[in-house]
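So this block is entry38.cif, mmCIF, C-alpha atoms and all ligand atoms:
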```
data_upload
loop_
_atom_site.label_atom_id
_atom_site.label_comp_id
_atom_site.auth_asym_id
_atom_site.auth_seq_id
_atom_site.Cartn_x
_atom_site.Cartn_y
_atom_site.Cartn_z
CA MET K 1 0.00 0.00 0.00
CA ALA K 2 3.07 2.18 -0.15
CA SER K 3 2.43 5.47 -1.79
CA VAL K 4 5.01 7.23 -3.90
CA GLU K 5 3.60 10.74 -3.88
CA SER K 6 5.97 13.61 -3.42
CA HIS K 7 6.88 15.08 -0.04
CA GLN K 8 5.16 18.33 -0.83
CA ASP K 9 1.78 16.69 -1.29
CA GLU K 10 -0.76 18.02 1.21
CA GLN K 11 -2.28 14.58 1.74
CA PRO K 12 -0.60 12.40 4.34
CA LEU K 13 0.99 9.29 2.85
CA GLU K 14 -0.31 5.96 4.00
CA TYR K 15 1.87 2.92 4.62
CA VAL K 16 1.39 -0.51 6.12
CA SER K 17 3.73 -2.06 8.64
CA ARG K 18 3.78 -5.67 9.91
CA TYR K 19 4.79 -7.00 13.27
CA GLY K 20 4.26 -10.37 14.94
CA GLY K 21 1.81 -11.57 12.30
CA ARG K 22 -0.28 -8.40 12.55
CA GLU K 23 -0.36 -5.28 10.46
CA PHE K 24 -1.28 -1.67 10.99
CA ARG K 25 -1.56 1.39 8.78
CA TYR K 26 0.09 4.68 9.46
CA HIS K 27 0.02 8.13 7.98
CA LEU K 28 3.34 9.71 7.23
CA CYS K 29 3.57 13.48 7.56
CA TYR K 30 6.70 15.36 6.67
CA VAL K 31 7.54 18.28 8.90
CA PRO K 32 10.02 21.04 8.09
CA ASP K 33 13.58 20.24 9.07
CA HIS K 34 14.98 21.90 12.11
CA LYS K 35 17.83 21.17 14.43
CA LYS K 36 16.26 18.58 16.68
CA ALA K 37 13.93 17.03 14.11
CA THR K 38 13.40 13.35 14.82
CA ILE K 39 10.91 10.76 13.65
CA ARG K 40 7.93 10.78 15.98
CA VAL K 41 5.05 8.34 16.25
CA HIS K 42 1.62 9.28 17.65
CA VAL K 43 -1.40 7.07 18.13
CA HIS K 44 -4.51 9.26 18.07
CA PRO K 45 -7.49 8.41 20.29
CA ASN K 46 -9.46 7.35 17.18
CA GLY K 47 -6.80 4.73 16.37
CA MET K 48 -5.04 6.68 13.63
CA VAL K 49 -1.28 6.18 13.68
CA GLN K 50 0.63 9.26 12.59
CA VAL K 51 4.34 9.37 11.92
CA ASP K 52 5.99 12.79 11.73
CA ALA K 53 9.33 12.78 9.97
CA PRO K 54 11.71 15.57 9.03
CA GLU K 55 11.71 16.37 5.33
CA SER K 56 15.29 15.18 5.03
CA ALA K 57 14.52 11.68 6.38
CA GLN K 58 14.80 8.81 3.93
CA LEU K 59 11.91 6.38 3.59
CA PRO K 60 13.87 3.25 4.72
CA GLU K 61 15.01 5.15 7.81
CA ILE K 62 11.39 6.13 8.58
CA LYS K 63 10.12 2.61 8.04
CA SER K 64 12.66 1.08 10.36
CA ALA K 65 11.88 3.72 13.00
CA VAL K 66 8.20 2.72 12.79
CA GLN K 67 9.19 -0.94 12.96
CA ARG K 68 11.12 -0.35 16.18
CA ARG K 69 7.98 1.18 17.74
CA ALA K 70 5.64 -1.48 16.31
CA ARG K 71 5.06 -3.32 19.57
CA TRP K 72 4.29 -0.04 21.35
CA ILE K 73 1.92 1.03 18.54
CA LEU K 74 0.02 -2.27 18.60
CA LYS K 75 -0.30 -2.08 22.38
CA HIS K 76 -1.92 1.37 22.05
CA LEU K 77 -4.23 0.16 19.28
CA ASP K 78 -5.29 -2.77 21.50
CA ASP K 79 -6.04 -0.40 24.38
CA ILE K 80 -8.20 1.76 22.10
CA GLU K 81 -10.02 -1.31 20.80
CA GLU K 82 -10.63 -2.43 24.37
CA ARG K 83 -12.04 0.94 25.41
CA HIS K 84 -14.45 0.90 22.47
CA ARG K 85 -15.54 -2.62 23.29
CA ASP K 86 -16.39 -1.52 26.81
CA VAL K 87 -18.81 1.18 25.75
CA ARG K 88 -20.71 -0.86 23.16
CA PRO K 89 -24.14 -1.83 24.44
CA ARG K 90 -24.31 -5.42 25.57
CA GLN K 91 -26.19 -8.10 23.68
CA TRP K 92 -25.83 -10.68 26.46
CA VAL K 93 -24.48 -13.31 24.10
CA SER K 94 -21.41 -15.57 24.03
CA GLY K 95 -18.09 -13.83 23.45
CA GLU K 96 -18.77 -10.65 25.41
CA SER K 97 -16.33 -9.85 28.16
CA MET K 98 -17.28 -9.49 31.80
CA LEU K 99 -15.22 -7.96 34.60
CA TYR K 100 -14.85 -9.56 38.00
CA LEU K 101 -12.26 -8.54 40.63
CA GLY K 102 -10.36 -6.61 37.98
CA ARG K 103 -10.07 -9.50 35.55
CA ARG K 104 -11.87 -10.17 32.31
CA TYR K 105 -13.93 -13.26 31.71
CA VAL K 106 -15.63 -14.30 28.50
CA LEU K 107 -19.37 -14.78 28.66
CA LYS K 108 -20.39 -18.19 27.36
CA VAL K 109 -24.07 -19.02 26.94
CA ILE K 110 -24.78 -22.74 26.59
CA ASN K 111 -28.17 -24.05 25.57
CA ASP K 112 -28.83 -27.27 27.41
CA PRO K 113 -32.30 -28.77 26.85
CA ASN K 114 -31.75 -31.12 29.79
CA GLN K 115 -31.29 -28.32 32.27
CA GLN K 116 -34.44 -26.44 33.26
CA LYS K 117 -32.84 -24.16 35.82
CA VAL K 118 -30.48 -21.57 34.30
CA THR K 119 -27.17 -21.46 36.15
CA CYS K 120 -24.28 -19.01 36.09
CA LYS K 121 -20.76 -19.83 37.25
CA LEU K 122 -17.11 -18.99 36.70
CA LEU K 123 -15.31 -21.82 34.98
CA GLY K 124 -11.71 -21.28 33.94
CA GLY K 125 -11.67 -18.01 32.05
CA GLN K 126 -15.38 -18.13 31.31
CA LEU K 127 -18.52 -16.86 32.94
CA ARG K 128 -20.76 -19.70 31.91
CA VAL K 129 -24.53 -19.37 31.69
CA GLN K 130 -26.23 -22.70 31.05
CA GLY K 131 -29.81 -23.88 30.75
CA ASN K 132 -32.74 -24.63 28.47
CA ASN K 133 -33.58 -21.95 25.90
CA VAL K 134 -31.54 -19.13 27.41
CA SER K 135 -32.62 -15.77 25.99
CA PRO K 136 -30.42 -12.66 26.26
CA GLU K 137 -32.95 -11.27 28.78
CA ARG K 138 -32.61 -14.39 30.90
CA THR K 139 -28.82 -14.22 30.60
CA GLN K 140 -28.80 -10.62 31.76
CA LYS K 141 -30.95 -11.54 34.73
CA VAL K 142 -28.84 -14.48 35.93
CA VAL K 143 -25.56 -12.62 35.37
CA SER K 144 -26.84 -9.62 37.32
CA GLN K 145 -27.93 -11.89 40.14
CA TRP K 146 -24.52 -13.59 40.03
CA TYR K 147 -22.81 -10.18 40.39
CA ARG K 148 -24.97 -9.32 43.37
CA ASP K 149 -24.29 -12.65 45.07
CA LYS K 150 -20.55 -12.27 44.47
CA ALA K 151 -20.64 -8.67 45.69
CA ARG K 152 -22.27 -9.77 48.97
CA ASP K 153 -19.72 -12.59 49.51
CA VAL K 154 -16.64 -10.62 48.53
CA PHE K 155 -17.58 -7.42 50.38
CA GLU K 156 -18.43 -9.35 53.56
CA ARG K 157 -15.06 -11.14 53.45
CA ARG K 158 -13.11 -7.94 52.82
CA LEU K 159 -15.11 -6.02 55.45
CA LYS K 160 -14.25 -8.66 58.06
CA LEU K 161 -10.55 -8.46 57.23
CA MET K 162 -10.60 -4.65 57.39
CA VAL K 163 -12.55 -4.62 60.67
CA ASP K 164 -9.88 -6.90 62.18
CA THR K 165 -7.14 -4.51 61.04
CA LEU K 166 -8.60 -1.23 62.33
CA PRO K 167 -8.33 -0.35 66.02
CA TRP K 168 -11.75 1.38 66.16
CA THR K 169 -13.87 -1.49 64.81
CA GLN K 170 -14.65 -4.66 66.77
CA THR K 171 -17.59 -6.02 64.80
CA LEU K 172 -19.04 -5.58 61.33
CA PRO K 173 -21.06 -2.38 61.01
CA PRO K 174 -24.55 -2.80 59.54
CA TRP K 175 -24.06 -2.85 55.78
CA ARG K 176 -25.73 -3.78 52.51
CA ILE K 177 -25.23 -3.46 48.79
CA MET K 178 -27.01 -0.71 46.91
CA GLU K 179 -26.66 0.48 43.35
CA MET K 180 -25.59 4.09 43.18
CA GLN K 181 -24.98 6.19 40.07
CA THR K 182 -22.05 8.23 41.28
CA GLN K 183 -20.69 6.62 44.44
CA TRP K 184 -18.81 3.46 45.29
CA GLY K 185 -19.94 3.52 48.87
CA SER K 186 -21.39 5.63 51.63
CA CYS K 187 -21.61 5.72 55.39
CA SER K 188 -24.62 7.22 57.17
CA PRO K 189 -24.22 9.35 60.31
CA GLU K 190 -25.63 6.34 62.19
CA GLY K 191 -22.76 4.23 60.85
CA ALA K 192 -24.58 2.13 58.24
CA VAL K 193 -22.39 1.30 55.26
CA LEU K 194 -23.65 1.00 51.68
CA LEU K 195 -21.48 -0.54 48.98
CA ASN K 196 -22.10 -0.38 45.23
CA PRO K 197 -22.34 -3.93 43.77
CA HIS K 198 -20.56 -2.75 40.57
CA LEU K 199 -17.47 -2.41 42.73
CA VAL K 200 -17.05 -6.20 42.63
CA LYS K 201 -15.81 -5.77 39.03
CA ALA K 202 -12.80 -3.81 40.35
CA PRO K 203 -9.60 -5.33 41.77
CA THR K 204 -9.59 -6.38 45.43
CA ARG K 205 -7.31 -3.48 46.41
CA ALA K 206 -9.89 -1.03 45.06
CA ILE K 207 -12.65 -2.78 47.03
CA ASP K 208 -10.47 -2.58 50.15
CA TYR K 209 -9.89 1.12 49.56
CA VAL K 210 -13.62 1.88 49.35
CA ILE K 211 -14.30 -0.22 52.46
CA LEU K 212 -11.50 1.51 54.37
CA HIS K 213 -12.82 4.89 53.25
CA GLU K 214 -16.29 4.13 54.60
CA LEU K 215 -14.98 2.61 57.85
CA CYS K 216 -12.87 5.73 58.45
CA HIS K 217 -16.15 7.67 58.31
CA LEU K 218 -17.23 5.77 61.44
CA VAL K 219 -14.77 7.95 63.36
CA GLU K 220 -14.41 10.97 61.06
CA HIS K 221 -17.70 11.84 59.42
CA ASN K 222 -16.33 14.47 57.08
CA HIS K 223 -13.43 14.54 54.66
CA SER K 224 -11.32 16.41 57.19
CA GLN K 225 -7.55 16.32 57.46
CA ARG K 226 -7.97 13.82 60.30
CA PHE K 227 -9.98 11.61 57.94
CA TYR K 228 -7.19 11.66 55.33
CA ASN K 229 -4.61 11.01 58.03
CA LEU K 230 -6.45 7.79 58.86
CA LEU K 231 -6.51 6.73 55.20
CA ASP K 232 -2.79 7.51 54.88
CA ARG K 233 -2.03 5.48 57.97
CA PHE K 234 -3.90 2.33 56.98
CA MET K 235 -3.46 2.47 53.18
CA PRO K 236 -0.57 4.79 52.24
CA GLU K 237 -1.08 4.15 48.50
CA TRP K 238 -4.83 4.92 48.52
CA ARG K 239 -4.53 7.90 46.14
CA THR K 240 -3.15 5.75 43.32
CA ILE K 241 -5.83 3.14 43.88
CA LYS K 242 -8.60 5.77 43.96
CA GLU K 243 -7.31 7.37 40.76
CA ALA K 244 -7.30 4.05 38.91
CA LEU K 245 -10.76 3.18 40.21
CA ASP K 246 -12.27 6.56 39.30
CA GLY K 247 -10.64 6.32 35.87
CA LYS K 248 -12.55 3.10 35.28
CA ALA K 249 -15.80 4.36 36.81
CA GLU K 250 -17.60 4.88 33.53
CA ILE K 251 -16.86 1.35 32.37
CA LEU K 252 -17.60 -0.32 35.69
CA LEU K 253 -20.84 1.53 36.28
CA SER K 254 -22.24 1.36 32.76
CA GLU K 255 -21.04 -2.03 31.61
CA THR K 256 -23.94 -3.96 33.04
CA ALA K 257 -26.82 -1.81 34.08
CA LEU K 258 -28.01 -4.23 36.73
CA PRO K 259 -31.77 -4.35 36.29
CA GLU K 260 -33.99 -3.49 39.21
CA PHE K 261 -35.31 -6.56 40.92
CA ARG K 262 -38.98 -6.39 41.58
ZN ZN U 1 -16.22 9.83 52.09
#
```
Represent the supplied structure as structure tokens.
Ligand SMILES: [Zn+2]
Amino acid sequence: MASVESHQDEQPLEYVSRYGGREFRYHLCYVPDHKKATIRVHVHPNGMVQVDAPESAQLPEIKSAVQRRARWILKHLDDIEERHRDVRPRQWVSGESMLYLGRRYVLKVINDPNQQKVTCKLLGGQLRVQGNNVSPERTQKVVSQWYRDKARDVFERRLKLMVDTLPWTQTLPPWRIMEMQTQWGSCSPEGAVLLNPHLVKAPTRAIDYVILHELCHLVEHNHSQRFYNLLDRFMPEWRTIKEALDGKAEILLSETALPEFR
């Protein structure tokens, strides 16, 4: 696909590069020479790969520079692909990916005429839904219920561990799961803790951070300096964890709109 148009052409030139059995296209743009001109590679958020090269650069030199960055370019393209996959509406069919404790699992729907009751379980790398005549609606329902059950189990286990660690808690505070649009958790002035079931899709450290945050509110009701001092003392790296969790919020909260159970 190599183009042989002249450097002065306004249109960017398109080339194809191959690496590890895969290929990607890139646009080559010549930029005016200046002292520190080097060949630069950008991957735009829409997946376009742009290579800026000084006008004096020779094509073989440019191509080998792109080749040296090929692994990095493909990694970025994969990340972009992944982000797009996350925001596509779900069909609740085999092949879709599901998050649990920060890891991805592939949804597998198996029609089994001999099994009346539809089940949902983790098996190897799959989240397997199995039963007779499983519709996407039914799949959504059992997967949502599975998430809620897991959220209850995991949060209870992590709460117990955290309660044992903290000097101001002896027993589990009253707590339950509740879907919230904009919060991972909350703690009422009476000391009742709410945790968002979507949080079970995040890594365990993120779950621990949210639990610690709410348990710190048992002693410090506001986000005062004393509150942050407690967080710093019991989880010095909490800021990094919070940043990563909030960065994923859109995906975690929207990925499966857990239907209301009536
Ligand atoms: Zn708070």
Exercise answer, 12 Å around ligand ZN 1 (chain U) with all atoms listed in the file, as a list of chain:residue names
K:Gln183, K:Trp184, K:Gly185, K:Ser186, K:Cys187, K:Ser188, K:Pro189, K:Val193, K:Leu194, K:Tyr209, K:Val210, K:Ile211, K:Leu212, K:His213, K:Glu214, K:Leu215, K:Cys216, K:His217, K:Leu218, K:Val219, K:Glu220, K:His221, K:Asn222, K:His223, K:Ser224, K:Phe227, K:Tyr228, K:Leu231, K:Lys242
For the atom pair atom CA of K:Arg103 and atom CA of K:Arg205, what is the interatomic distance in Å to one decimal place?
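Spanning atom CA of K:Arg103 to atom CA of K:Arg205 is a straight-line distance of 12.7 Å.
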Atomic distance atom CA of K:Leu245 - atom CA of K:Ala206, expressed in Å with one decimal:
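Going from atom CA of K:Leu245 over to atom CA of K:Ala206 covers 6.5 Å.
The space separating atom CA of K:Gln67 from atom CA of K:Asn46 comes to 20.8 Å.
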Can you tell me, as a list in words, what residues are no more than 12 Å from K:Ile80 when counting all atoms listed in the file, ignoring any on the same chain fewer than 2 positions away?
Val43, His44, Pro45, Asn46, Gly47, Met48, Val49, Ile73, Leu74, Lys75, His76, Leu77, Asp78, Glu82, Arg83, His84, Arg85, Asp86 and Val87 of chain K
For a quick check of understanding, using all atoms listed in the file, which of K:Val93, K:Leu253, K:Val31, K:Ala70 has the smallest distance to K:Pro54?
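Closest candidate: K:Val31.
Minimum distance to K:Met180 across K:Val142, K:Leu195, K:Asn114, K:Asp164 (counting all atoms listed in the file) occurs at K:Leu195.
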Here is a test: counting all atoms listed in the file, which residue of K:Asp208, K:Asp232, K:Asp52, K:Glu190 is nearest to K:Leu161?
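Closest to K:Leu161 of all the choices is K:Asp208.
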Counting all atoms listed in the file, what is within 10 Å of K:Val163, bar same-chain residues fewer than 4 positions away, as a list of chain:residue names?
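After dropping sequence-adjacent residues, the list is K:Arg158, K:Leu159, K:Pro167, K:Trp168, K:Thr169, K:Gln170, K:Thr171, K:Leu172, K:Pro173, K:Ile211, K:Leu212, K:Leu215.
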Starting from the incomplete input, reconstruct N, CA, C and O atoms of stretch 183-198 of chain K and report them as a compact mmCIF listing (two decimals), in the coordinates of the input.
```txt
# COMPACT_ATOMS: atom_id res chain seq x y z
N GLN K 183 -21.50 6.91 43.26
CA GLN K 183 -20.69 6.62 44.44
C GLN K 183 -20.37 5.15 44.54
O GLN K 183 -21.18 4.30 44.19
N TRP K 184 -19.19 4.87 45.06
CA TRP K 184 -18.81 3.46 45.29
C TRP K 184 -19.34 2.97 46.63
O TRP K 184 -19.56 1.78 46.82
N GLY K 185 -19.47 3.91 47.55
CA GLY K 185 -19.94 3.52 48.87
C GLY K 185 -20.40 4.74 49.63
O GLY K 185 -20.18 5.87 49.18
N SER K 186 -21.05 4.51 50.77
CA SER K 186 -21.39 5.63 51.63
C SER K 186 -21.53 5.11 53.05
O SER K 186 -21.62 3.91 53.29
N CYS K 187 -21.49 6.07 53.98
CA CYS K 187 -21.61 5.72 55.39
C CYS K 187 -22.54 6.75 56.02
O CYS K 187 -22.28 7.94 55.95
N SER K 188 -23.65 6.29 56.59
CA SER K 188 -24.62 7.22 57.17
C SER K 188 -24.10 7.72 58.52
O SER K 188 -23.22 7.11 59.11
N PRO K 189 -24.65 8.84 59.00
CA PRO K 189 -24.22 9.35 60.31
C PRO K 189 -24.43 8.31 61.42
O PRO K 189 -23.72 8.32 62.42
N GLU K 190 -25.39 7.39 61.20
CA GLU K 190 -25.63 6.34 62.19
C GLU K 190 -24.63 5.19 62.06
O GLU K 190 -24.67 4.23 62.83
N GLY K 191 -23.78 5.25 61.01
CA GLY K 191 -22.76 4.23 60.85
C GLY K 191 -23.16 3.04 60.01
O GLY K 191 -22.55 1.98 60.10
N ALA K 192 -24.20 3.21 59.16
CA ALA K 192 -24.58 2.13 58.24
C ALA K 192 -23.84 2.31 56.92
O ALA K 192 -23.82 3.40 56.35
N VAL K 193 -23.23 1.24 56.46
CA VAL K 193 -22.39 1.30 55.26
C VAL K 193 -23.14 0.74 54.05
O VAL K 193 -23.75 -0.33 54.13
N LEU K 194 -23.10 1.48 52.95
CA LEU K 194 -23.65 1.00 51.68
C LEU K 194 -22.50 0.81 50.71
O LEU K 194 -21.60 1.65 50.64
N LEU K 195 -22.52 -0.30 49.97
CA LEU K 195 -21.48 -0.54 48.98
C LEU K 195 -22.13 -0.83 47.63
O LEU K 195 -23.12 -1.58 47.56
N ASN K 196 -21.56 -0.24 46.58
CA ASN K 196 -22.10 -0.38 45.23
C ASN K 196 -21.71 -1.76 44.66
O ASN K 196 -20.52 -2.07 44.58
N PRO K 197 -22.69 -2.58 44.26
CA PRO K 197 -22.34 -3.93 43.77
C PRO K 197 -21.43 -3.91 42.54
O PRO K 197 -20.69 -4.87 42.32
N HIS K 198 -21.45 -2.83 41.74
CA HIS K 198 -20.56 -2.75 40.57
C HIS K 198 -19.09 -2.78 40.99
O HIS K 198 -18.22 -3.10 40.18
```
